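As provided, model32.txt (compact mmCIF, C-alpha atoms) reads as follows.
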```txt
# COMPACT_ATOMS: atom_id res chain seq x y z
CA MET A 309 0.00 0.00 0.00
CA ILE A 310 1.29 3.42 -0.90
CA ASP A 311 1.52 5.81 2.06
CA ILE A 312 1.25 9.21 0.39
CA THR A 313 2.97 10.98 3.30
CA SER A 314 6.21 9.16 2.44
CA LEU A 315 6.37 11.35 -0.68
CA PHE A 316 6.96 14.36 1.59
CA LYS A 317 10.28 12.81 2.65
CA VAL A 318 11.76 13.47 -0.78
CA THR A 319 13.74 16.73 -0.70
CA TYR A 320 13.33 19.58 -3.19
CA GLY A 321 14.36 23.22 -3.54
CA LEU A 322 12.06 25.93 -4.90
CA TYR A 323 12.88 27.90 -8.01
CA ILE A 324 11.46 30.46 -10.43
CA VAL A 325 11.85 29.03 -13.93
CA CYS A 326 11.60 31.52 -16.80
CA SER A 327 11.85 31.73 -20.55
CA GLY A 328 10.90 34.15 -23.34
CA ASN A 329 12.42 37.48 -24.32
CA GLU A 330 12.20 41.20 -23.53
CA THR A 331 8.82 41.51 -25.28
CA LYS A 332 7.14 38.47 -23.77
CA GLY A 333 8.51 36.47 -20.90
CA ASN A 334 6.93 34.12 -18.40
CA GLY A 335 7.88 32.07 -15.38
CA TYR A 336 6.52 29.67 -12.77
CA ILE A 337 7.56 28.13 -9.46
CA SER A 338 9.17 24.72 -9.82
CA ASN A 339 10.54 22.30 -7.24
CA THR A 340 11.66 19.68 -9.72
CA PHE A 341 15.07 20.66 -10.99
CA PHE A 342 18.28 18.64 -10.55
CA GLN A 343 21.69 18.07 -12.09
CA VAL A 344 21.99 14.98 -14.32
CA THR A 345 25.60 15.08 -15.54
CA SER A 346 28.77 16.76 -14.40
CA GLU A 347 30.69 16.69 -17.70
CA PRO A 348 29.21 18.78 -19.23
CA PRO A 349 27.00 20.23 -16.46
CA LYS A 350 23.43 19.41 -17.50
CA PHE A 351 20.18 19.69 -15.57
CA ALA A 352 16.71 18.14 -15.77
CA LEU A 353 13.61 20.29 -15.31
CA CYS A 354 10.14 18.77 -15.03
CA CYS A 355 7.34 20.99 -16.33
CA ASN A 356 3.60 20.37 -16.81
CA LYS A 357 2.68 20.25 -20.52
CA ASN A 358 -0.20 22.67 -19.82
CA ASN A 359 2.06 25.29 -18.23
CA PHE A 360 2.38 28.44 -20.30
CA THR A 361 6.12 28.41 -19.50
CA SER A 362 6.45 24.96 -21.12
CA GLU A 363 5.26 26.45 -24.43
CA ILE A 364 7.69 29.35 -24.10
CA ILE A 365 10.63 27.08 -23.24
CA GLU A 366 9.85 24.99 -26.33
CA LYS A 367 9.71 28.10 -28.49
CA HIS A 368 12.91 29.75 -27.22
CA GLY A 369 15.00 26.67 -26.40
CA PHE A 370 16.44 28.15 -23.20
CA PHE A 371 15.32 28.44 -19.58
CA SER A 372 16.58 30.21 -16.48
CA VAL A 373 16.32 28.97 -12.92
CA SER A 374 16.41 31.43 -10.00
CA VAL A 375 17.04 29.79 -6.62
CA LEU A 376 14.58 31.20 -4.05
CA HIS A 377 15.73 31.78 -0.48
CA GLN A 378 14.00 30.70 2.71
CA LYS A 379 12.74 34.17 3.63
CA ALA A 380 11.33 34.88 0.15
CA ASN A 381 8.18 37.00 0.45
CA SER A 382 4.81 35.35 -0.13
CA GLU A 383 3.82 37.64 -3.05
CA ILE A 384 6.42 35.93 -5.22
CA PHE A 385 4.66 32.58 -4.68
CA GLY A 386 1.27 34.17 -5.42
CA ARG A 387 2.57 35.73 -8.63
CA PHE A 388 4.63 32.85 -10.03
CA GLY A 389 3.21 29.80 -8.28
CA TYR A 390 -0.54 29.92 -8.47
CA LYS A 391 -1.50 32.13 -11.43
CA SER A 392 -1.08 31.67 -15.17
CA GLY A 393 0.96 34.01 -17.33
CA ARG A 394 -1.72 33.58 -19.99
CA ASP A 395 -3.86 35.97 -17.90
CA PHE A 396 -1.38 38.68 -16.96
CA ASN A 397 2.26 39.74 -17.36
CA LYS A 398 4.12 38.13 -14.47
CA MET A 399 7.32 39.98 -15.34
CA GLU A 400 5.89 43.47 -14.79
CA GLY A 401 7.63 45.25 -11.93
CA MET A 402 10.12 42.42 -11.38
CA LEU A 403 13.87 42.89 -11.23
CA ILE A 404 14.93 41.14 -14.43
CA LYS A 405 18.33 40.39 -15.92
CA TYR A 406 18.45 39.22 -19.53
CA GLY A 407 20.75 36.23 -19.89
CA ILE A 408 23.34 35.33 -22.52
CA SER A 409 20.55 33.78 -24.60
CA GLY A 410 18.28 36.81 -24.15
CA ILE A 411 15.81 35.08 -21.81
CA PRO A 412 14.63 36.80 -18.62
CA ILE A 413 16.09 35.82 -15.24
CA VAL A 414 14.20 36.91 -12.11
CA LEU A 415 16.57 38.35 -9.49
CA ASN A 416 13.98 39.12 -6.77
CA GLU A 417 14.16 36.88 -3.68
CA SER A 418 16.89 34.78 -5.33
CA ILE A 419 20.33 33.75 -4.11
CA ALA A 420 21.65 32.32 -7.40
CA TYR A 421 20.60 31.72 -10.96
CA LEU A 422 21.41 29.17 -13.67
CA GLU A 423 20.82 29.62 -17.39
CA CYS A 424 20.41 26.51 -19.56
CA LYS A 425 20.12 25.61 -23.24
CA VAL A 426 17.59 22.87 -23.94
CA VAL A 427 19.41 19.91 -25.51
CA GLN A 428 16.79 17.14 -25.03
CA LYS A 429 13.09 16.86 -24.22
CA PHE A 430 11.44 13.69 -22.87
CA ASP A 431 7.74 12.89 -22.55
CA VAL A 432 6.89 11.46 -19.12
CA GLY A 433 3.08 11.69 -19.38
CA THR A 434 1.43 14.84 -18.02
CA HIS A 435 4.85 16.55 -17.89
CA TRP A 436 7.91 17.22 -20.04
CA LEU A 437 11.42 16.57 -18.81
CA PHE A 438 13.63 19.24 -20.36
CA ILE A 439 17.37 18.54 -20.27
CA GLY A 440 19.37 21.78 -20.28
CA GLU A 441 23.08 22.34 -20.62
CA LEU A 442 24.41 25.04 -18.31
CA ILE A 443 25.60 28.15 -20.17
CA ASP A 444 25.78 30.62 -17.28
CA ALA A 445 25.45 30.59 -13.48
CA GLN A 446 25.98 33.20 -10.78
CA VAL A 447 25.62 33.47 -7.02
CA LEU A 448 23.61 36.57 -6.01
CA ASP A 449 23.52 36.30 -2.22
CA GLU A 450 25.80 34.36 0.12
CA THR A 451 23.88 35.14 3.31
CA ASN A 452 20.55 33.36 2.86
CA ASP A 453 19.81 29.64 2.63
CA PRO A 454 17.92 28.13 -0.29
CA MET A 455 14.19 27.59 0.28
CA THR A 456 13.36 23.90 0.45
CA TYR A 457 9.99 22.40 -0.31
CA ALA A 458 9.95 20.84 3.19
CA TYR A 459 10.39 24.30 4.74
CA PHE A 460 7.69 25.75 2.49
CA HIS A 461 5.38 22.88 3.41
CA GLN A 462 6.12 22.49 7.15
CA VAL A 463 7.04 25.99 8.31
CA ARG A 464 5.24 28.20 5.82
CA LYS A 465 2.33 25.75 5.29
CA GLY A 466 2.40 26.03 1.51
CA VAL A 467 1.01 23.34 -0.79
CA ALA A 468 1.93 22.34 -4.34
CA PRO A 469 -0.38 23.73 -7.06
CA LYS A 470 -2.41 21.37 -9.24
CA ASN A 471 0.06 21.37 -12.16
CA ALA A 472 3.05 20.41 -10.01
CA PRO A 473 4.63 16.94 -10.29
CA THR A 474 4.31 16.72 -6.49
CA TYR A 475 0.64 17.77 -6.28
CA ILE A 476 -1.25 15.86 -3.58
CA ASP A 477 -5.02 15.63 -3.54
CA GLN A 478 -5.80 16.61 0.06
CA ALA A 479 -8.77 14.22 0.07
CA LYS A 480 -6.30 11.36 -0.30
CA LEU A 481 -4.56 12.29 2.93
CA ALA A 482 -6.15 10.60 5.91
CA THR A 483 -7.28 13.26 8.37
CA LYS A 484 -5.95 12.09 11.68
CA VAL A 485 -7.69 14.69 13.86
CA LYS A 486 -11.09 15.97 12.83
CA SER A 487 -12.31 19.36 13.98
CA VAL A 488 -16.00 19.15 14.83
CA LYS A 489 -16.84 22.69 15.87
CA LEU A 490 -14.31 24.81 14.04
CA GLU A 491 -14.10 25.20 10.26
CA LYS A 492 -11.48 25.15 7.55
CA PHE A 493 -11.14 27.73 4.79
CA LYS A 494 -9.30 27.20 1.55
CA CYS A 495 -7.55 29.84 -0.56
CA THR A 496 -8.94 29.48 -4.09
CA ILE A 497 -5.73 30.98 -5.50
CA CYS A 498 -3.07 28.74 -3.96
CA GLY A 499 -4.97 26.03 -2.06
CA HIS A 500 -3.63 27.06 1.38
CA ILE A 501 -5.85 25.81 4.20
CA TYR A 502 -6.70 28.11 7.09
CA ASP A 503 -7.66 25.73 9.89
CA GLU A 504 -9.48 27.43 12.76
CA ASN A 505 -8.73 24.45 14.94
CA LYS A 506 -5.00 24.98 14.55
CA GLU A 507 -4.93 28.77 14.36
CA LYS A 508 -7.25 29.24 17.38
CA ILE A 509 -8.76 32.34 15.73
CA LYS A 510 -12.04 32.23 13.81
CA PHE A 511 -11.56 33.15 10.16
CA ALA A 512 -14.34 35.75 10.45
CA SER A 513 -12.39 37.44 13.25
CA LEU A 514 -9.33 38.10 11.09
CA ALA A 515 -8.72 41.72 10.02
CA ALA A 516 -10.27 42.79 6.72
CA ASN A 517 -6.82 43.45 5.25
CA TRP A 518 -5.51 40.01 6.31
CA LYS A 519 -3.75 38.23 3.43
CA CYS A 520 -3.09 34.61 2.60
CA PRO A 521 0.36 33.87 4.16
CA ILE A 522 1.32 31.80 1.14
CA CYS A 523 0.26 33.79 -1.92
CA GLY A 524 -0.86 37.14 -0.53
CA ALA A 525 -4.48 36.72 -1.74
CA ASP A 526 -7.28 38.71 -0.07
CA LYS A 527 -9.61 37.20 2.52
CA LYS A 528 -12.48 37.12 0.01
CA GLU A 529 -10.58 34.54 -2.07
CA PHE A 530 -11.15 31.94 0.68
CA ILE A 531 -14.05 29.45 0.71
CA VAL A 532 -15.32 27.15 3.47
CA ILE A 533 -14.38 23.52 2.90
CA MET B 346 30.95 32.85 -16.82
CA ILE B 347 29.82 29.85 -14.85
CA ASP B 348 30.33 30.20 -11.09
CA ILE B 349 30.56 26.57 -9.96
CA THR B 350 29.55 27.46 -6.38
CA SER B 351 26.07 28.42 -7.61
CA LEU B 352 25.49 24.70 -8.26
CA PHE B 353 25.57 24.17 -4.49
CA LYS B 354 22.41 26.27 -4.18
CA VAL B 355 20.36 23.52 -5.85
CA THR B 356 18.69 21.40 -3.16
CA TYR B 357 18.84 17.60 -3.00
CA GLY B 358 18.03 14.82 -0.55
CA LEU B 359 20.24 11.76 -0.04
CA TYR B 360 19.01 8.25 -0.70
CA ILE B 361 20.14 4.64 -0.87
CA VAL B 362 18.99 3.27 -4.21
CA CYS B 363 18.87 -0.52 -4.56
CA SER B 364 17.94 -3.26 -6.97
CA GLY B 365 18.53 -7.00 -7.42
CA ASN B 366 17.11 -9.94 -5.51
CA GLU B 367 17.77 -12.08 -2.44
CA THR B 368 20.76 -13.78 -4.08
CA LYS B 369 22.48 -10.68 -5.45
CA GLY B 370 21.51 -7.15 -4.55
CA ASN B 371 23.35 -3.86 -4.74
CA GLY B 372 22.84 -0.21 -3.88
CA TYR B 373 24.47 3.19 -3.97
CA ILE B 374 23.97 6.67 -2.54
CA SER B 375 22.04 9.00 -4.84
CA ASN B 376 21.01 12.62 -4.46
CA THR B 377 19.23 12.88 -7.80
CA PHE B 378 15.72 11.56 -7.36
CA PHE B 379 12.51 13.56 -7.84
CA GLN B 380 8.84 13.16 -8.66
CA VAL B 381 7.89 13.86 -12.29
CA THR B 382 4.14 13.22 -12.40
CA SER B 383 1.37 13.07 -9.84
CA GLU B 384 -1.13 10.96 -11.82
CA PRO B 385 0.19 8.31 -11.71
CA PRO B 386 2.98 9.00 -9.20
CA LYS B 387 6.23 8.61 -11.17
CA PHE B 388 9.79 9.49 -10.24
CA ALA B 389 13.03 10.19 -12.11
CA LEU B 390 16.32 8.73 -10.90
CA CYS B 391 19.65 9.75 -12.41
CA CYS B 392 22.32 7.05 -12.32
CA ASN B 393 25.82 6.86 -13.79
CA LYS B 394 26.05 4.32 -16.62
CA ASN B 395 29.16 2.82 -15.01
CA ASN B 396 27.46 2.23 -11.66
CA PHE B 397 27.00 -1.44 -10.87
CA THR B 398 23.48 -0.58 -9.62
CA SER B 399 22.60 0.81 -13.09
CA GLU B 400 23.24 -2.64 -14.57
CA ILE B 401 21.16 -4.31 -11.88
CA ILE B 402 18.25 -1.87 -12.30
CA GLU B 403 18.28 -2.55 -16.05
CA LYS B 404 18.26 -6.30 -15.42
CA HIS B 405 15.48 -6.36 -12.79
CA GLY B 406 13.35 -3.43 -13.96
CA PHE B 407 12.67 -2.16 -10.43
CA PHE B 408 14.47 0.04 -7.92
CA SER B 409 13.97 1.01 -4.30
CA VAL B 410 14.79 4.35 -2.71
CA SER B 411 15.45 4.60 1.03
CA VAL B 412 15.35 8.16 2.37
CA LEU B 413 18.36 8.75 4.67
CA HIS B 414 17.93 10.89 7.77
CA GLN B 415 20.15 13.76 8.92
CA LYS B 416 21.82 11.81 11.72
CA ALA B 417 22.61 8.79 9.53
CA ASN B 418 25.91 7.23 10.61
CA SER B 419 28.96 7.75 8.44
CA GLU B 420 29.56 4.01 7.81
CA ILE B 421 26.47 3.92 5.59
CA PHE B 422 28.05 6.58 3.32
CA GLY B 423 31.33 4.66 3.28
CA ARG B 424 29.59 1.42 2.35
CA PHE B 425 27.08 2.67 -0.23
CA GLY B 426 28.56 5.96 -1.38
CA TYR B 427 32.23 5.44 -2.13
CA LYS B 428 32.75 1.76 -2.85
CA SER B 429 31.60 -0.46 -5.70
CA GLY B 430 29.38 -3.49 -5.20
CA ARG B 431 31.49 -5.23 -7.85
CA ASP B 432 34.17 -5.66 -5.17
CA PHE B 433 32.12 -6.78 -2.16
CA ASN B 434 28.56 -7.54 -1.04
CA LYS B 435 27.17 -4.23 0.23
CA MET B 436 24.01 -5.92 1.50
CA GLU B 437 25.77 -8.15 4.03
CA GLY B 438 24.75 -7.33 7.59
CA MET B 439 22.22 -4.73 6.49
CA LEU B 440 18.59 -4.68 7.63
CA ILE B 441 16.81 -5.56 4.39
CA LYS B 442 13.14 -5.78 3.48
CA TYR B 443 12.26 -7.42 0.17
CA GLY B 444 9.71 -5.34 -1.70
CA ILE B 445 6.60 -6.33 -3.68
CA SER B 446 8.83 -6.87 -6.74
CA GLY B 447 11.37 -8.89 -4.75
CA ILE B 448 14.09 -6.23 -4.78
CA PRO B 449 15.98 -5.34 -1.59
CA ILE B 450 15.12 -2.20 0.36
CA VAL B 451 17.64 -0.95 2.94
CA LEU B 452 15.93 0.01 6.21
CA ASN B 453 19.05 1.14 8.15
CA GLU B 454 19.28 4.90 8.78
CA SER B 455 16.13 5.47 6.69
CA ILE B 456 12.90 7.33 7.47
CA ALA B 457 10.88 6.17 4.45
CA TYR B 458 11.18 4.05 1.35
CA LEU B 459 9.69 4.07 -2.14
CA GLU B 460 9.60 1.13 -4.54
CA CYS B 461 9.34 1.85 -8.27
CA LYS B 462 8.86 -0.09 -11.51
CA VAL B 463 10.99 1.20 -14.39
CA VAL B 464 8.69 2.41 -17.18
CA GLN B 465 11.11 4.50 -19.26
CA LYS B 466 14.87 5.00 -19.59
CA PHE B 467 16.50 8.07 -21.15
CA ASP B 468 20.10 8.58 -22.18
CA VAL B 469 21.50 11.93 -20.94
CA GLY B 470 25.19 11.28 -21.69
CA THR B 471 27.29 9.83 -18.86
CA HIS B 472 24.10 8.96 -16.94
CA TRP B 473 20.76 7.22 -17.40
CA LEU B 474 17.50 8.81 -16.32
CA PHE B 475 15.26 6.00 -15.14
CA ILE B 476 11.56 6.84 -14.86
CA GLY B 477 9.87 4.66 -12.25
CA GLU B 478 6.20 4.31 -11.38
CA LEU B 479 5.54 4.06 -7.66
CA ILE B 480 4.26 0.64 -6.58
CA ASP B 481 4.83 0.87 -2.82
CA ALA B 482 5.88 3.50 -0.26
CA GLN B 483 6.07 3.53 3.52
CA VAL B 484 7.16 5.91 6.26
CA LEU B 485 9.55 4.23 8.72
CA ASP B 486 10.34 7.04 11.16
CA GLU B 487 8.40 10.24 11.88
CA THR B 488 10.94 11.72 14.28
CA ASN B 489 13.98 12.44 12.11
CA ASP B 490 14.37 14.90 9.23
CA PRO B 491 15.57 13.81 5.80
CA MET B 492 19.27 14.31 5.12
CA THR B 493 19.83 17.02 2.53
CA TYR B 494 22.87 17.30 0.32
CA ALA B 495 23.44 20.85 1.66
CA TYR B 496 23.59 19.48 5.21
CA PHE B 497 25.92 16.65 4.14
CA HIS B 498 28.13 19.18 2.36
CA GLN B 499 28.10 22.10 4.82
CA VAL B 500 27.69 20.48 8.24
CA ARG B 501 29.14 17.02 7.70
CA LYS B 502 31.70 18.18 5.09
CA GLY B 503 30.91 15.36 2.66
CA VAL B 504 31.67 15.57 -1.06
CA ALA B 505 30.00 13.93 -4.06
CA PRO B 506 31.87 10.88 -5.42
CA LYS B 507 33.24 10.90 -8.96
CA ASN B 508 30.26 9.08 -10.53
CA ALA B 509 27.66 11.50 -9.13
CA PRO B 510 25.81 13.91 -11.42
CA THR B 511 26.83 16.68 -8.99
CA TYR B 512 30.55 15.78 -8.81
CA ILE B 513 32.77 18.87 -8.61
CA ASP B 514 36.43 18.76 -9.47
CA GLN B 515 37.97 20.47 -6.42
CA ALA B 516 40.71 21.94 -8.63
CA LYS B 517 38.01 23.99 -10.37
CA LEU B 518 37.00 25.67 -7.15
CA ALA B 519 39.05 28.80 -6.50
CA THR B 520 40.84 28.42 -3.17
CA LYS B 521 40.12 31.66 -1.38
CA VAL B 522 42.46 31.18 1.56
CA LYS B 523 45.66 29.26 1.06
CA SER B 524 47.33 27.52 3.96
CA VAL B 525 51.07 28.01 3.70
CA LYS B 526 52.38 26.10 6.68
CA LEU B 527 49.72 23.53 7.35
CA GLU B 528 48.80 20.65 5.06
CA LYS B 529 45.70 19.01 3.63
CA PHE B 530 45.01 15.28 3.60
CA LYS B 531 42.56 13.57 1.33
CA CYS B 532 40.64 10.37 2.06
CA THR B 533 41.29 8.04 -0.89
CA ILE B 534 37.97 6.28 -0.24
CA CYS B 535 35.50 9.17 -0.24
CA GLY B 536 37.53 12.26 -1.17
CA HIS B 537 36.95 14.02 2.16
CA ILE B 538 39.57 16.69 2.83
CA TYR B 539 41.14 17.00 6.28
CA ASP B 540 42.45 20.56 6.37
CA GLU B 541 44.91 21.19 9.20
CA ASN B 542 44.37 24.90 8.76
CA LYS B 543 40.68 24.56 9.56
CA GLU B 544 40.86 21.75 12.10
CA LYS B 545 43.75 23.30 14.07
CA ILE B 546 45.11 19.82 14.81
CA LYS B 547 47.94 18.29 12.81
CA PHE B 548 46.84 15.13 11.02
CA ALA B 549 49.79 13.25 12.53
CA SER B 550 48.54 14.16 16.01
CA LEU B 551 45.18 12.45 15.53
CA ALA B 552 44.63 9.19 17.45
CA ALA B 553 45.60 5.99 15.62
CA ASN B 554 41.99 4.78 15.70
CA TRP B 555 40.67 8.08 14.28
CA LYS B 556 38.25 7.48 11.36
CA CYS B 557 37.20 9.54 8.38
CA PRO B 558 34.09 11.46 9.59
CA ILE B 559 32.41 10.91 6.23
CA CYS B 560 33.02 7.27 5.30
CA GLY B 561 34.59 5.75 8.40
CA ALA B 562 37.87 4.90 6.60
CA ASP B 563 41.08 4.39 8.62
CA LYS B 564 43.75 7.09 8.94
CA LYS B 565 46.06 5.15 6.61
CA GLU B 566 43.63 5.70 3.72
CA PHE B 567 44.57 9.42 3.71
CA ILE B 568 47.19 10.97 1.44
CA VAL B 569 48.80 14.42 1.50
CA ILE B 570 47.53 16.68 -1.26
```

Could you write out this structure as structure tokens?
Amino acid sequence: MIDITSLFKVTYGLYIVCSGNETKGNGYISNTFFQVTSEPPKFALCCNKNNFTSEIIEKHGFFSVSVLHQKANSEIFGRFGYKSGRDFNKMEGMLIKYGISGIPIVLNESIAYLECKVVQKFDVGTHWLFIGELIDAQVLDETNDPMTYAYFHQVRKGVAPKNAPTYIDQAKLATKVKSVKLEKFKCTICGHIYDENKEKIKFASLAANWKCPICGADKKEFIVI
Amino acid sequence: MIDITSLFKVTYGLYIVCSGNETKGNGYISNTFFQVTSEPPKFALCCNKNNFTSEIIEKHGFFSVSVLHQKANSEIFGRFGYKSGRDFNKMEGMLIKYGISGIPIVLNESIAYLECKVVQKFDVGTHWLFIGELIDAQVLDETNDPMTYAYFHQVRKGVAPKNAPTYIDQAKLATKVKSVKLEKFKCTICGHIYDENKEKIKFASLAANWKCPICGADKKEFIVI
């Protein structure tokens, strides 16, 4: 029998992956990026086929990976993690560097970046595995630690969006303790659960300008579950 | 210009990957394992073509992944990380469970395991990318945190062996501070560097039964570099 919680023991970082050019760029939050060879340095990136960024990577043949740090502000997850670039320009107002290949690299909240040229593409079902050869890489900040998915999940209570390789249907997780009197509210933008039983404050009692701690969404974006 | 140190900002866990059967099993330490799809749950594993375990995975069509915890003892890295199963039986004396497919799963120093059936295999140069569909997964220990490669590297001072996708040639790293009077000694088993300048104790002054903190090798396995 598969115990879904064992999947949380696999370690990941969190990254902003971008492609495009100065006219039209896009990016998303990925946790599935790792090195596959040392000579030459090549990396694998797993990206949902429906992601707008997948299309742009295919078109441009390059992608950049910005390594997020542990204290990264929640707006960056709201912007890149839970919304589609088909609906709005994610790059607007961001601190962007254009790489050797001309693709955008997000510098906000990042401690390093890597720029890769796509050399292979494999079909693994719902997702593509892009293999990229490293063409440039820089450290931006030596003082902060990289954000890990475990930290995002355990400390910051974030959850993977539906398109992520590591998406977990919450209904599949056995609820060990059931709240009978208090309610749970779900952020319709990022899926974050506000559990009155854990927080000890009724959702209705939160200030009107309270924001989702994960994606920065307004209170009105939450629904009872 | 590629700054090699930026590659250390990519986050990895550390795992014992095994395959084989009750008669002949083998395993190695991997840091390159991640989920690639959620429906069905599938994982990618990157393995050097020269690794003995690669051969065994190809032969049996299944692999197991045991998630190492942060306090894992150094002998397990010595046994699985820096030696080849062609030379000795790595499974001897280990606590082994045989999975649904009959392959060995190492339970020592592990907090969870995942068992996968190989469904695809991609050639990325020096390494194979095996895609495995999850057939079983269990949590073994809720109290310890997974070992991360950053922790292994920064706190426990471990280095990736030559066959790893993340292997770094130390000569490529710019030495910022050079020791002029004190010497460095390298473990010929795992590559760990004992730097007298950092340790403030001459290597010759260490007790005769002193062991490599990474792989447990004897003092005589060290050479001056």

If we count all atoms listed in the file, which residues of chain A reach to within 9 Å of chain B? Please list them as a ChimeraX atom specification.
/A:309-315,317-323,339-350,354-356,375,419-422,428,430,432-437,439,442-448,453-456,471-476

Give me a file of those residues, with C-alpha atoms, as a PDB file, in the coordinates of the input.
```pdb
ATOM      1  CA  MET A 309       0.000   0.000   0.000  1.00  0.00           C
ATOM      2  CA  ILE A 310       1.290   3.420  -0.900  1.00  0.00           C
ATOM      3  CA  ASP A 311       1.520   5.810   2.060  1.00  0.00           C
ATOM      4  CA  ILE A 312       1.250   9.210   0.390  1.00  0.00           C
ATOM      5  CA  THR A 313       2.970  10.980   3.300  1.00  0.00           C
ATOM      6  CA  SER A 314       6.210   9.160   2.440  1.00  0.00           C
ATOM      7  CA  LEU A 315       6.370  11.350  -0.680  1.00  0.00           C
ATOM      8  CA  LYS A 317      10.280  12.810   2.650  1.00  0.00           C
ATOM      9  CA  VAL A 318      11.760  13.470  -0.780  1.00  0.00           C
ATOM     10  CA  THR A 319      13.740  16.730  -0.700  1.00  0.00           C
ATOM     11  CA  TYR A 320      13.330  19.580  -3.190  1.00  0.00           C
ATOM     12  CA  GLY A 321      14.360  23.220  -3.540  1.00  0.00           C
ATOM     13  CA  LEU A 322      12.060  25.930  -4.900  1.00  0.00           C
ATOM     14  CA  TYR A 323      12.880  27.900  -8.010  1.00  0.00           C
ATOM     15  CA  ASN A 339      10.540  22.300  -7.240  1.00  0.00           C
ATOM     16  CA  THR A 340      11.660  19.680  -9.720  1.00  0.00           C
ATOM     17  CA  PHE A 341      15.070  20.660 -10.990  1.00  0.00           C
ATOM     18  CA  PHE A 342      18.280  18.640 -10.550  1.00  0.00           C
ATOM     19  CA  GLN A 343      21.690  18.070 -12.090  1.00  0.00           C
ATOM     20  CA  VAL A 344      21.990  14.980 -14.320  1.00  0.00           C
ATOM     21  CA  THR A 345      25.600  15.080 -15.540  1.00  0.00           C
ATOM     22  CA  SER A 346      28.770  16.760 -14.400  1.00  0.00           C
ATOM     23  CA  GLU A 347      30.690  16.690 -17.700  1.00  0.00           C
ATOM     24  CA  PRO A 348      29.210  18.780 -19.230  1.00  0.00           C
ATOM     25  CA  PRO A 349      27.000  20.230 -16.460  1.00  0.00           C
ATOM     26  CA  LYS A 350      23.430  19.410 -17.500  1.00  0.00           C
ATOM     27  CA  CYS A 354      10.140  18.770 -15.030  1.00  0.00           C
ATOM     28  CA  CYS A 355       7.340  20.990 -16.330  1.00  0.00           C
ATOM     29  CA  ASN A 356       3.600  20.370 -16.810  1.00  0.00           C
ATOM     30  CA  VAL A 375      17.040  29.790  -6.620  1.00  0.00           C
ATOM     31  CA  ILE A 419      20.330  33.750  -4.110  1.00  0.00           C
ATOM     32  CA  ALA A 420      21.650  32.320  -7.400  1.00  0.00           C
ATOM     33  CA  TYR A 421      20.600  31.720 -10.960  1.00  0.00           C
ATOM     34  CA  LEU A 422      21.410  29.170 -13.670  1.00  0.00           C
ATOM     35  CA  GLN A 428      16.790  17.140 -25.030  1.00  0.00           C
ATOM     36  CA  PHE A 430      11.440  13.690 -22.870  1.00  0.00           C
ATOM     37  CA  VAL A 432       6.890  11.460 -19.120  1.00  0.00           C
ATOM     38  CA  GLY A 433       3.080  11.690 -19.380  1.00  0.00           C
ATOM     39  CA  THR A 434       1.430  14.840 -18.020  1.00  0.00           C
ATOM     40  CA  HIS A 435       4.850  16.550 -17.890  1.00  0.00           C
ATOM     41  CA  TRP A 436       7.910  17.220 -20.040  1.00  0.00           C
ATOM     42  CA  LEU A 437      11.420  16.570 -18.810  1.00  0.00           C
ATOM     43  CA  ILE A 439      17.370  18.540 -20.270  1.00  0.00           C
ATOM     44  CA  LEU A 442      24.410  25.040 -18.310  1.00  0.00           C
ATOM     45  CA  ILE A 443      25.600  28.150 -20.170  1.00  0.00           C
ATOM     46  CA  ASP A 444      25.780  30.620 -17.280  1.00  0.00           C
ATOM     47  CA  ALA A 445      25.450  30.590 -13.480  1.00  0.00           C
ATOM     48  CA  GLN A 446      25.980  33.200 -10.780  1.00  0.00           C
ATOM     49  CA  VAL A 447      25.620  33.470  -7.020  1.00  0.00           C
ATOM     50  CA  LEU A 448      23.610  36.570  -6.010  1.00  0.00           C
ATOM     51  CA  ASP A 453      19.810  29.640   2.630  1.00  0.00           C
ATOM     52  CA  PRO A 454      17.920  28.130  -0.290  1.00  0.00           C
ATOM     53  CA  MET A 455      14.190  27.590   0.280  1.00  0.00           C
ATOM     54  CA  THR A 456      13.360  23.900   0.450  1.00  0.00           C
ATOM     55  CA  ASN A 471       0.060  21.370 -12.160  1.00  0.00           C
ATOM     56  CA  ALA A 472       3.050  20.410 -10.010  1.00  0.00           C
ATOM     57  CA  PRO A 473       4.630  16.940 -10.290  1.00  0.00           C
ATOM     58  CA  THR A 474       4.310  16.720  -6.490  1.00  0.00           C
ATOM     59  CA  TYR A 475       0.640  17.770  -6.280  1.00  0.00           C
ATOM     60  CA  ILE A 476      -1.250  15.860  -3.580  1.00  0.00           C
TER      61      ILE A 476
END
```

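With CA of Phe385 in chain A on one side and CA of Asn452 in chain A on the other, the separation reads 17.6 Å.
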
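Put simply, CA of Ser419 in chain B is 28.0 Å away from CA of Gln378 in chain A.
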
For the point (-5.9, 34.1, -5.1) in file coordinates, what residues are within 12 Å, counting all atoms listed in the file? Give the answer as a PyMOL selection string?
chain A and resi 382-383+385-392+469+494-500+519-531

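CA of Tyr496 in chain B sits 26.8 Å away from CA of Pro449 in chain B.
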
So which residues touch Asn329 in chain A within 10 Å, counting only C-alpha atoms, skipping near sequence neighbours fewer than 5 positions away, as a ChimeraX atom specification?
/A:334,364,368,406-407,409-413

Output range 508-515 of chain B from the block with C-alpha atoms, as a compact mmCIF listing (two decimals), in the first residue's frame?
```txt
# COMPACT_ATOMS: atom_id res chain seq x y z
CA ASN B 508 30.26 9.08 -10.53
CA ALA B 509 27.66 11.50 -9.13
CA PRO B 510 25.81 13.91 -11.42
CA THR B 511 26.83 16.68 -8.99
CA TYR B 512 30.55 15.78 -8.81
CA ILE B 513 32.77 18.87 -8.61
CA ASP B 514 36.43 18.76 -9.47
CA GLN B 515 37.97 20.47 -6.42
```
